[in-house]
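S.K.: For reference, the file target23.txt (compact mmCIF, C-alpha atoms and all ligand atoms) is included below:
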# COMPACT_ATOMS: atom_id res chain seq x y z
CA MET M 1 -9.02 -37.58 -29.80
CA GLY M 2 -7.20 -39.30 -32.54
CA PRO M 3 -5.83 -41.09 -34.30
CA PHE M 4 -8.33 -41.49 -37.12
CA LEU M 5 -8.35 -43.87 -40.04
CA TYR M 6 -10.06 -42.80 -43.25
CA ILE M 7 -10.77 -45.57 -45.73
CA ASP M 8 -12.06 -45.18 -49.25
CA VAL M 9 -12.78 -47.94 -51.76
CA ASP M 10 -10.95 -47.26 -55.00
CA ALA M 11 -13.31 -46.71 -57.98
CA PHE M 12 -16.14 -48.28 -55.99
CA PHE M 13 -18.84 -49.06 -58.60
CA ALA M 14 -16.36 -50.21 -61.25
CA SER M 15 -14.43 -52.27 -58.69
CA VAL M 16 -17.61 -54.04 -57.56
CA GLU M 17 -18.31 -54.97 -61.18
CA GLN M 18 -14.78 -56.31 -61.50
CA SER M 19 -15.13 -58.15 -58.21
CA ILE M 20 -18.29 -59.91 -59.39
CA ASN M 21 -17.06 -60.64 -62.89
CA PRO M 22 -13.35 -61.52 -63.00
CA ALA M 23 -13.39 -61.24 -66.80
CA LEU M 24 -13.56 -57.46 -66.27
CA VAL M 25 -10.40 -57.31 -64.15
CA GLY M 26 -7.72 -55.24 -65.86
CA ARG M 27 -10.23 -53.91 -68.40
CA PRO M 28 -11.47 -50.31 -68.79
CA VAL M 29 -14.86 -50.56 -67.08
CA MET M 30 -17.15 -47.52 -67.01
CA VAL M 31 -20.30 -47.51 -64.90
CA GLY M 32 -22.99 -44.96 -65.70
CA GLY M 33 -24.63 -46.02 -68.92
CA LEU M 34 -24.26 -47.91 -72.16
CA LYS M 35 -22.03 -46.74 -74.97
CA HIS M 36 -24.55 -44.84 -77.02
CA GLU M 37 -26.75 -43.60 -74.24
CA ARG M 38 -26.94 -40.01 -73.13
CA GLY M 39 -25.38 -39.21 -69.80
CA VAL M 40 -22.03 -39.41 -68.09
CA VAL M 41 -19.63 -41.93 -66.61
CA ALA M 42 -20.39 -42.19 -62.88
CA CYS M 43 -17.36 -44.31 -62.10
CA PRO M 44 -14.48 -45.27 -64.38
CA SER M 45 -12.12 -48.09 -63.37
CA TYR M 46 -8.45 -47.20 -62.98
CA GLU M 47 -7.80 -48.74 -66.41
CA ALA M 48 -10.34 -46.31 -67.89
CA ARG M 49 -8.90 -43.39 -65.91
CA SER M 50 -5.46 -44.07 -67.33
CA ARG M 51 -6.98 -43.62 -70.77
CA GLY M 52 -8.41 -40.21 -70.00
CA VAL M 53 -11.91 -40.90 -68.71
CA ARG M 54 -12.96 -39.14 -65.50
CA THR M 55 -16.08 -39.16 -63.39
CA GLY M 56 -18.46 -36.93 -65.34
CA THR M 57 -16.97 -37.56 -68.79
CA THR M 58 -19.89 -37.92 -71.21
CA LEU M 59 -20.55 -41.46 -72.39
CA HIS M 60 -20.16 -40.21 -75.93
CA GLU M 61 -16.68 -38.84 -75.22
CA ALA M 62 -15.75 -41.96 -73.23
CA ALA M 63 -16.73 -44.17 -76.18
CA ARG M 64 -14.52 -42.04 -78.43
CA LEU M 65 -11.55 -42.29 -76.02
CA ILE M 66 -11.99 -46.02 -75.32
CA PRO M 67 -13.87 -47.67 -78.20
CA ASP M 68 -13.21 -51.11 -76.71
CA GLY M 69 -14.32 -50.04 -73.22
CA ILE M 70 -16.88 -51.91 -71.16
CA PHE M 71 -19.92 -49.76 -70.50
CA LEU M 72 -22.35 -50.76 -67.75
CA ARG M 73 -25.50 -49.14 -66.45
CA GLY M 74 -24.75 -50.21 -62.90
CA ASP M 75 -26.89 -51.79 -60.23
CA PHE M 76 -27.51 -49.82 -57.07
CA ASN M 77 -28.67 -52.83 -55.04
CA ARG M 78 -25.48 -54.63 -55.86
CA TYR M 79 -23.39 -51.67 -54.67
CA GLN M 80 -25.46 -51.37 -51.52
CA ASP M 81 -24.87 -55.04 -50.82
CA PHE M 82 -21.10 -54.59 -51.14
CA SER M 83 -21.33 -51.44 -49.07
CA ASP M 84 -23.08 -53.36 -46.26
CA ARG M 85 -20.40 -56.04 -46.34
CA PHE M 86 -17.68 -53.38 -46.37
CA TYR M 87 -19.22 -51.79 -43.26
CA ASN M 88 -19.53 -55.16 -41.55
CA ILE M 89 -15.77 -55.49 -41.84
CA LEU M 90 -15.22 -51.97 -40.54
CA TYR M 91 -17.54 -52.56 -37.57
CA SER M 92 -15.51 -55.63 -36.67
CA TYR M 93 -12.65 -53.21 -35.95
CA THR M 94 -14.57 -50.58 -34.04
CA PRO M 95 -18.14 -49.37 -33.51
CA ASP M 96 -16.84 -45.83 -33.38
CA LEU M 97 -16.97 -44.83 -37.00
CA VAL M 98 -18.65 -42.27 -39.20
CA ARG M 99 -20.25 -43.33 -42.43
CA ILE M 100 -19.31 -40.79 -45.06
CA SER M 101 -20.76 -42.59 -48.06
CA GLN M 102 -21.36 -46.10 -49.38
CA ASP M 103 -17.63 -46.64 -49.73
CA GLU M 104 -15.97 -44.10 -47.44
CA ALA M 105 -15.75 -44.14 -43.68
CA CYS M 106 -13.78 -42.51 -40.91
CA LEU M 107 -12.83 -44.73 -37.96
CA HIS M 108 -11.78 -43.43 -34.59
CA LEU M 109 -8.92 -45.74 -33.75
CA GLY M 110 -8.64 -44.91 -30.07
CA GLY M 111 -7.27 -47.97 -28.33
CA ILE M 112 -7.67 -50.51 -31.15
CA VAL M 113 -4.40 -49.48 -32.68
CA ARG M 114 -2.73 -51.16 -29.71
CA GLN M 115 -3.89 -54.55 -30.96
CA PHE M 116 -1.52 -54.10 -33.86
CA ALA M 117 2.22 -53.56 -33.91
CA ASP M 118 1.77 -50.08 -35.38
CA PRO M 119 -0.74 -48.08 -37.45
CA HIS M 120 0.86 -49.26 -40.67
CA THR M 121 0.27 -52.91 -39.79
CA LEU M 122 -3.33 -52.10 -38.87
CA ALA M 123 -3.93 -50.37 -42.23
CA GLN M 124 -2.35 -53.24 -44.08
CA HIS M 125 -4.46 -55.77 -42.19
CA LEU M 126 -7.69 -53.92 -42.93
CA GLN M 127 -6.85 -53.46 -46.60
CA GLN M 128 -6.00 -57.13 -46.88
CA GLN M 129 -9.24 -58.20 -45.24
CA VAL M 130 -11.38 -56.05 -47.56
CA TRP M 131 -9.41 -57.44 -50.46
CA ASP M 132 -9.73 -61.07 -49.32
CA GLU M 133 -13.45 -60.87 -48.58
CA LEU M 134 -14.74 -58.50 -51.24
CA ALA M 135 -11.93 -58.26 -53.83
CA LEU M 136 -12.07 -54.48 -53.52
CA SER M 137 -8.98 -52.34 -53.28
CA THR M 138 -8.99 -49.49 -50.80
CA SER M 139 -6.87 -46.50 -49.90
CA ILE M 140 -6.25 -45.55 -46.29
CA GLY M 141 -5.07 -42.48 -44.47
CA ILE M 142 -4.25 -42.43 -40.76
CA ALA M 143 -3.70 -39.11 -39.03
CA PRO M 144 -4.23 -37.24 -35.77
CA SER M 145 -7.34 -35.48 -37.16
CA ARG M 146 -10.24 -36.62 -39.32
CA ILE M 147 -9.58 -34.10 -42.03
CA ALA M 148 -5.89 -34.99 -42.27
CA ALA M 149 -6.82 -38.69 -42.43
CA LYS M 150 -9.15 -37.92 -45.33
CA ILE M 151 -6.54 -35.89 -47.18
CA ALA M 152 -3.97 -38.63 -46.52
CA SER M 153 -6.33 -41.30 -47.91
CA GLU M 154 -6.44 -39.38 -51.19
CA HIS M 155 -2.69 -38.94 -51.30
CA ARG M 156 -1.82 -42.31 -52.81
CA LYS M 157 -4.40 -44.25 -54.82
CA PRO M 158 -5.23 -46.97 -55.57
CA MET M 159 -4.24 -49.34 -52.74
CA GLY M 160 -2.43 -46.51 -50.98
CA ARG M 161 -1.50 -46.13 -47.34
CA THR M 162 -0.44 -42.78 -45.93
CA ILE M 163 0.27 -42.55 -42.23
CA LEU M 164 0.81 -39.25 -40.50
CA THR M 165 1.74 -38.48 -36.93
CA VAL M 166 1.64 -35.27 -34.95
CA GLN M 167 5.30 -34.89 -35.92
CA THR M 168 4.97 -35.57 -39.67
CA LEU M 169 1.61 -33.84 -40.25
CA PRO M 170 2.93 -30.26 -40.71
CA GLY M 171 5.56 -31.40 -43.21
CA PHE M 172 2.92 -33.33 -45.15
CA MET M 173 0.44 -30.47 -45.25
CA ALA M 174 2.80 -27.60 -46.08
CA PRO M 175 3.50 -28.34 -49.77
CA LEU M 176 -0.04 -29.56 -50.61
CA PRO M 177 -1.72 -27.56 -53.37
CA ILE M 178 -4.68 -25.71 -51.83
CA ARG M 179 -7.11 -27.52 -54.13
CA LYS M 180 -6.46 -30.68 -52.11
CA ILE M 181 -8.06 -29.06 -49.08
CA PRO M 182 -11.74 -29.97 -48.72
CA GLY M 183 -13.76 -26.77 -49.03
CA VAL M 184 -11.41 -25.21 -51.55
CA GLY M 185 -13.28 -25.37 -54.84
CA ALA M 186 -12.50 -23.76 -58.16
CA VAL M 187 -13.69 -20.29 -57.13
CA THR M 188 -11.91 -20.22 -53.77
CA GLU M 189 -8.78 -21.56 -55.42
CA LYS M 190 -8.80 -18.77 -57.99
CA ILE M 191 -9.19 -16.06 -55.36
CA LEU M 192 -6.40 -17.56 -53.25
CA HIS M 193 -4.13 -17.81 -56.29
CA GLU M 194 -4.74 -14.12 -56.94
CA MET M 195 -3.62 -13.51 -53.38
CA GLY M 196 -0.43 -15.45 -54.16
CA ILE M 197 -1.42 -18.45 -52.05
CA TYR M 198 -0.75 -21.81 -53.66
CA THR M 199 -0.03 -24.26 -50.86
CA ALA M 200 -1.64 -25.33 -47.60
CA GLY M 201 1.48 -24.07 -45.81
CA GLN M 202 1.02 -20.58 -47.27
CA LEU M 203 -2.68 -20.65 -46.48
CA SER M 204 -1.99 -21.58 -42.85
CA GLN M 205 0.04 -18.34 -42.49
CA VAL M 206 -2.88 -16.10 -43.45
CA PRO M 207 -4.67 -14.60 -40.41
CA GLU M 208 -7.97 -16.40 -39.84
CA GLN M 209 -9.91 -13.17 -39.47
CA TYR M 210 -8.77 -12.10 -42.89
CA LEU M 211 -9.95 -15.39 -44.44
CA LYS M 212 -13.24 -14.96 -42.62
CA THR M 213 -13.67 -11.51 -44.13
CA VAL M 214 -13.05 -12.85 -47.63
CA PHE M 215 -14.78 -16.24 -47.48
CA GLY M 216 -17.14 -15.99 -44.53
CA ILE M 217 -17.50 -19.05 -42.33
CA ASN M 218 -15.84 -21.20 -44.98
CA GLY M 219 -12.69 -19.14 -44.42
CA LEU M 220 -12.39 -20.41 -40.85
CA LYS M 221 -12.90 -23.94 -42.03
CA ILE M 222 -10.19 -23.88 -44.66
CA ALA M 223 -7.86 -22.13 -42.22
CA ALA M 224 -8.19 -25.07 -39.82
CA TYR M 225 -7.95 -27.64 -42.58
CA SER M 226 -4.81 -26.04 -43.99
CA ARG M 227 -3.13 -26.88 -40.68
CA GLY M 228 -4.57 -30.39 -40.80
CA GLU M 229 -6.95 -29.62 -37.95
CA ASP M 230 -10.63 -30.50 -37.83
CA GLY M 231 -12.54 -27.28 -37.99
CA PRO M 232 -15.76 -26.83 -36.06
CA LEU M 233 -17.87 -26.91 -39.18
CA LEU M 234 -17.42 -30.18 -40.99
CA ARG M 235 -20.87 -31.64 -41.37
CA ASP M 236 -22.37 -34.86 -42.54
CA TYR M 237 -21.89 -34.99 -46.27
CA THR M 238 -25.09 -36.69 -47.24
CA VAL M 239 -28.54 -35.42 -46.50
CA ILE M 240 -30.70 -38.35 -45.50
CA ARG M 241 -34.26 -37.38 -44.67
CA SER M 242 -35.61 -40.70 -43.49
CA VAL M 243 -34.71 -44.32 -42.91
CA SER M 244 -37.24 -47.01 -43.83
CA ARG M 245 -37.37 -50.74 -43.51
CA GLU M 246 -40.22 -52.87 -44.75
CA THR M 247 -40.95 -56.43 -45.69
CA GLY M 248 -43.67 -58.41 -47.40
CA PHE M 249 -44.78 -61.88 -46.26
CA ALA M 250 -44.93 -65.10 -48.23
CA ASP M 251 -48.28 -65.82 -46.52
CA ASP M 252 -50.62 -63.28 -44.98
CA ILE M 253 -50.28 -62.97 -41.19
CA THR M 254 -53.09 -62.25 -38.75
CA ASP M 255 -51.32 -62.97 -35.44
CA HIS M 256 -50.93 -59.70 -33.57
CA ALA M 257 -47.83 -60.78 -31.63
CA ILE M 258 -46.02 -62.05 -34.69
CA LEU M 259 -46.79 -58.87 -36.56
CA LEU M 260 -45.37 -56.87 -33.63
CA SER M 261 -42.20 -58.99 -33.75
CA HIS M 262 -41.77 -57.95 -37.36
CA PHE M 263 -42.26 -54.31 -36.46
CA TYR M 264 -39.67 -54.61 -33.71
CA TYR M 265 -37.18 -56.25 -36.01
CA LEU M 266 -37.59 -53.63 -38.72
CA LEU M 267 -37.42 -50.83 -36.14
CA GLU M 268 -34.24 -52.32 -34.71
CA ARG M 269 -32.70 -52.31 -38.19
CA ALA M 270 -33.78 -48.75 -38.95
CA ALA M 271 -32.59 -47.47 -35.56
CA ARG M 272 -29.21 -49.08 -36.05
CA LYS M 273 -28.91 -47.34 -39.39
CA LEU M 274 -29.64 -44.01 -37.68
CA ARG M 275 -26.91 -44.69 -35.15
CA THR M 276 -24.39 -45.23 -37.90
CA LEU M 277 -25.44 -41.85 -39.30
CA TYR M 278 -25.14 -40.14 -35.90
CA LYS M 279 -28.74 -39.05 -36.19
CA THR M 280 -31.87 -39.18 -34.11
CA ALA M 281 -35.48 -39.18 -35.31
CA ALA M 282 -38.36 -36.96 -34.25
CA THR M 283 -41.14 -39.07 -35.79
CA VAL M 284 -41.86 -42.73 -36.34
CA LYS M 285 -44.29 -43.89 -38.99
CA ILE M 286 -45.66 -47.38 -39.43
CA LYS M 287 -47.55 -48.81 -42.33
CA PHE M 288 -49.17 -52.13 -43.07
CA ARG M 289 -51.07 -53.55 -45.98
CA TYR M 290 -54.01 -55.91 -45.66
CA ALA M 291 -54.39 -58.90 -47.95
CA ASP M 292 -56.88 -56.89 -50.03
CA PHE M 293 -54.21 -54.18 -50.54
CA LYS M 294 -55.85 -51.62 -48.31
CA THR M 295 -52.89 -49.80 -46.75
CA VAL M 296 -52.96 -48.19 -43.31
CA GLU M 297 -50.44 -45.69 -42.00
CA GLY M 298 -49.89 -43.94 -38.71
CA ALA M 299 -47.25 -41.58 -37.35
CA THR M 300 -46.25 -40.45 -33.85
CA ARG M 301 -43.77 -37.92 -32.52
CA ILE M 302 -40.82 -39.37 -30.66
CA HIS M 303 -40.19 -37.27 -27.61
CA PRO M 304 -37.39 -36.78 -26.84
CA MET M 305 -35.85 -37.59 -30.20
CA SER M 306 -34.16 -40.95 -30.24
CA ASN M 307 -32.38 -43.59 -32.27
CA ASP M 308 -32.94 -46.32 -29.73
CA GLU M 309 -35.46 -49.02 -30.63
CA GLY M 310 -36.22 -49.54 -26.94
CA ASP M 311 -37.43 -45.93 -26.63
CA ILE M 312 -39.39 -45.92 -29.85
CA PHE M 313 -41.10 -49.31 -29.84
CA PRO M 314 -43.86 -48.55 -27.31
CA ALA M 315 -45.20 -45.90 -29.69
CA VAL M 316 -45.11 -48.39 -32.57
CA GLU M 317 -46.93 -50.97 -30.48
CA ARG M 318 -49.65 -48.50 -29.43
CA MET M 319 -50.18 -47.29 -32.99
CA PHE M 320 -50.38 -50.74 -34.48
CA THR M 321 -52.76 -52.00 -31.79
CA ARG M 322 -55.04 -49.02 -32.43
CA LEU M 323 -54.91 -49.24 -36.25
CA PHE M 324 -55.12 -53.01 -36.77
CA THR M 325 -58.90 -53.25 -36.59
CA ARG M 326 -59.96 -55.62 -39.36
CA ARG M 327 -59.96 -59.40 -39.16
CA VAL M 328 -58.02 -59.59 -42.38
CA GLY M 329 -54.50 -60.93 -42.89
CA ILE M 330 -51.58 -58.58 -43.46
CA ARG M 331 -49.22 -58.93 -46.39
CA LEU M 332 -46.65 -56.18 -45.72
CA VAL M 333 -45.35 -54.12 -42.80
CA GLY M 334 -42.93 -51.20 -42.70
CA VAL M 335 -41.34 -48.68 -40.36
CA THR M 336 -39.97 -45.23 -41.22
CA LEU M 337 -37.99 -42.92 -38.97
CA PHE M 338 -37.91 -39.31 -40.05
CA GLY M 339 -37.44 -35.75 -38.87
CA LEU M 340 -33.76 -36.59 -38.56
CA HIS M 341 -31.34 -34.43 -36.63
CA ASN M 342 -27.67 -34.68 -35.91
CA TYR M 343 -26.99 -35.61 -32.30
CA ARG M 344 -26.73 -32.02 -31.30
CA ASP M 345 -27.79 -29.21 -33.52
CA ASN M 346 -25.01 -26.92 -34.63
CA GLU M 347 -22.49 -29.52 -33.67
CA SER M 348 -20.79 -31.68 -36.17
CA PHE M 349 -19.98 -35.35 -36.23
CA LEU M 350 -16.50 -34.25 -35.24
CA ASN M 351 -17.59 -33.91 -31.69
CA ASP M 352 -16.15 -36.62 -29.50
CA ARG M 353 -18.47 -36.69 -26.50
CA ILE M 354 -20.64 -39.74 -26.32
CA GLU M 355 -23.66 -40.12 -24.11
CA LYS M 356 -24.06 -43.28 -22.08
CA ASN M 357 -26.98 -44.73 -24.00
CA ARG M 358 -25.32 -44.17 -27.29
CA ARG M 359 -22.35 -46.07 -25.93
CA LEU M 360 -24.54 -48.97 -24.92
CA ARG M 361 -26.29 -49.28 -28.28
CA ARG M 362 -23.03 -48.86 -30.13
CA GLY M 363 -21.55 -51.57 -27.94
CA LEU M 364 -24.37 -53.88 -28.96
CA ASP M 365 -23.96 -52.91 -32.61
CA TYR M 366 -20.28 -53.68 -32.21
CA VAL M 367 -20.81 -57.12 -30.71
CA ARG M 368 -23.21 -57.94 -33.50
CA ALA M 369 -20.82 -56.73 -36.17
CA ARG M 370 -18.11 -58.94 -34.70
CA GLU M 371 -20.02 -61.98 -33.56
CA GLY M 372 -22.96 -61.89 -35.94
CA PHE M 373 -26.45 -60.47 -35.63
CA PHE M 374 -27.71 -63.49 -33.72
CA SER M 375 -25.15 -63.24 -30.93
CA LEU M 376 -27.61 -60.94 -29.19
CA MET M 377 -31.28 -61.71 -29.41
CA THR M 378 -34.17 -59.85 -27.94
CA GLY M 379 -37.31 -61.63 -26.81
CA ARG M 380 -39.33 -59.46 -29.10
CA THR M 381 -37.91 -60.89 -32.29
CA TRP M 382 -37.61 -64.46 -31.04
CA ALA M 383 -40.88 -65.38 -32.79
CA LEU M 384 -39.21 -64.61 -36.11
CA ASP M 385 -36.72 -67.36 -35.45
CA GLN M 386 -39.39 -69.98 -36.14
CA ARG M 387 -40.25 -68.39 -39.46
CA TYR M 388 -37.07 -67.28 -41.17
CA LYS M 389 -33.67 -68.56 -42.06
CA ARG M 390 -30.81 -66.83 -40.32
CA GLY M 391 -28.59 -65.02 -42.80
CA ASP M 392 -25.16 -63.49 -42.23
CA THR M 393 -26.46 -60.16 -41.04
CA GLY M 394 -30.02 -60.89 -39.99
CA TYR M 395 -33.09 -62.85 -40.94
CA GLU M 396 -33.65 -63.58 -44.59
CA LEU M 397 -36.98 -61.88 -44.94
CA ARG M 398 -38.95 -62.30 -48.10
CA THR M 399 -38.16 -58.97 -49.73
CA PRO M 400 -34.42 -59.45 -50.12
CA GLY M 401 -33.28 -55.93 -50.97
CA LEU M 402 -35.02 -54.55 -47.93
CA SER M 403 -34.02 -57.04 -45.28
CA GLN M 404 -30.87 -55.18 -44.34
MG MG M 501 -14.24 -44.24 -53.28
Please express what this file holds, its structure, as structure tokens.

M.R.:
Amino acid sequence: MGPFLYIDVDAFFASVEQSINPALVGRPVMVGGLKHERGVVACPSYEARSRGVRTGTTLHEAARLIPDGIFLRGDFNRYQDFSDRFYNILYSYTPDLVRISQDEACLHLGGIVRQFADPHTLAQHLQQQVWDELALSTSIGIAPSRIAAKIASEHRKPMGRTILTVQTLPGFMAPLPIRKIPGVGAVTEKILHEMGIYTAGQLSQVPEQYLKTVFGINGLKIAAYSRGEDGPLLRDYTVIRSVSRETGFADDITDHAILLSHFYYLLERAARKLRTLYKTAATVKIKFRYADFKTVEGATRIHPMSNDEGDIFPAVERMFTRLFTRRVGIRLVGVTLFGLHNYRDNESFLNDRIEKNRRLRRGLDYVRAREGFFSLMTGRTWALDQRYKRGDTGYELRTPGLSQ
């Protein structure tokens, strides 16, 4: 266990806009919609926050508060691109990380901290690298537990670093207002206030069984969190139901082997995404579209569930061979993995045990994150090498947004 490093990009969407367009640096940027549109600000820059705009402020109100503000609709593909590059940096430190969102991740430091003089130097180094490569500022918390690392990352923002040890953790937690504890929302806070409990230190003194009676399972969670300990119940924050990768071709393809290479490549990409999510899939679906736009789909159960392209590909190969029956070129292929489950049901991503296979794949993911995608090639995708340019993180397939 431990230590863990929690990193969070400060004002992610707005910061990406400022990173791309230096004229916006230092200006109140608000991403979410244009000035007179309906809707709310999804992400205000720190300059906009200092003038009273929060996430969720209506655009109308934001325009009243900051008449000279810069209002942008935002561009999801652009943020995803920065997110991918952010994760590439993180993977160069360790493969052992949990993706919380596009701009938040929790790294298990384990031994890597030894490569640096101390955790503070490590945090500084990582922040500097994200800044140098992406011009994004980040805040970092390092602590003996994941939850304490998260709380620490929120402690000082932007560009904050908060480092806790087993010795300093209790002193850090004790005075924290209970609202800072994940799982304590407005309603829980109100009830606790009525009980005379205002700080994490006070909360940690309340018998767990009592909190369980009042708040149910959530009571046990906040009891653990109030001590800065990972409870048994923290789950993946985002619900992702499937992972898909697809690509179209500049020219229609009829060659069976080359089409299979594409399927393998897309499957490899999708499976890697699942691994970063700590999920396995129960079903794989393929689709392909003939030159005349007739689209064919097929799905197969994956048994046992897997996130390993080596396990899943034989099913893809069998399906495609069975379904590709016309002598007509193909213009698009795609792979979807769905029926997603966490590694073990009823266990959270907090669990530390790692199976051997998972280790192996993660090791490969790690090498690729460090040395580039092409440092490890499989025979199956070699055919693609003749057809596509090598990009930073993979082949540059024709459909750019999808070739991740
Ligand atoms: Mg953030």

S.K.: Hey, which residues sit close to ligand MG 501 (chain M)? Say within 7 Å, counting all atoms listed in the file, and write them as number ranges by chain.

M.R.: M: 8-12, 103-104

S.K.: Rounded to one decimal in Å, what is the spacing between CA of Arg73 in chain M and CA of Val16 in chain M?

M.R.: 12.9 Å

S.K.: If you count all atoms listed in the file, which residues fall within 12 Å of Leu97 in chain M, apart from same-chain ones fewer than 6 positions away, as a VMD selection string?

M.R.: chain M and resid 4 to 7 87 to 91 104 to 110 146 275 to 278 349 to 350 352 362 365 to 366

S.K.: With C-alpha atoms retained, write the just-selected residues as a PDB file, keeping the file's coordinate frame.

M.R.:
ATOM      1  CA  PHE M   4      -8.330 -41.490 -37.120  1.00  0.00           C
ATOM      2  CA  LEU M   5      -8.350 -43.870 -40.040  1.00  0.00           C
ATOM      3  CA  TYR M   6     -10.060 -42.800 -43.250  1.00  0.00           C
ATOM      4  CA  ILE M   7     -10.770 -45.570 -45.730  1.00  0.00           C
ATOM      5  CA  TYR M  87     -19.220 -51.790 -43.260  1.00  0.00           C
ATOM      6  CA  ASN M  88     -19.530 -55.160 -41.550  1.00  0.00           C
ATOM      7  CA  ILE M  89     -15.770 -55.490 -41.840  1.00  0.00           C
ATOM      8  CA  LEU M  90     -15.220 -51.970 -40.540  1.00  0.00           C
ATOM      9  CA  TYR M  91     -17.540 -52.560 -37.570  1.00  0.00           C
ATOM     10  CA  GLU M 104     -15.970 -44.100 -47.440  1.00  0.00           C
ATOM     11  CA  ALA M 105     -15.750 -44.140 -43.680  1.00  0.00           C
ATOM     12  CA  CYS M 106     -13.780 -42.510 -40.910  1.00  0.00           C
ATOM     13  CA  LEU M 107     -12.830 -44.730 -37.960  1.00  0.00           C
ATOM     14  CA  HIS M 108     -11.780 -43.430 -34.590  1.00  0.00           C
ATOM     15  CA  LEU M 109      -8.920 -45.740 -33.750  1.00  0.00           C
ATOM     16  CA  GLY M 110      -8.640 -44.910 -30.070  1.00  0.00           C
ATOM     17  CA  ARG M 146     -10.240 -36.620 -39.320  1.00  0.00           C
ATOM     18  CA  ARG M 275     -26.910 -44.690 -35.150  1.00  0.00           C
ATOM     19  CA  THR M 276     -24.390 -45.230 -37.900  1.00  0.00           C
ATOM     20  CA  LEU M 277     -25.440 -41.850 -39.300  1.00  0.00           C
ATOM     21  CA  TYR M 278     -25.140 -40.140 -35.900  1.00  0.00           C
ATOM     22  CA  PHE M 349     -19.980 -35.350 -36.230  1.00  0.00           C
ATOM     23  CA  LEU M 350     -16.500 -34.250 -35.240  1.00  0.00           C
ATOM     24  CA  ASP M 352     -16.150 -36.620 -29.500  1.00  0.00           C
ATOM     25  CA  ARG M 362     -23.030 -48.860 -30.130  1.00  0.00           C
ATOM     26  CA  ASP M 365     -23.960 -52.910 -32.610  1.00  0.00           C
ATOM     27  CA  TYR M 366     -20.280 -53.680 -32.210  1.00  0.00           C
TER      28      TYR M 366
END

S.K.: Counting only C-alpha atoms, which residue out of M:Ala257, M:Val333, M:Ala186, M:Ala282 sits closest to Thr321 in chain M?

M.R.: M:Ala257

S.K.: Which one of M:Ser261, M:Ser242, M:Thr213, M:Thr168 sits closest to Arg227 in chain M if you count all atoms listed in the file?

M.R.: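 Distance minimum relative to Arg227 in chain M lands on M:Thr168.
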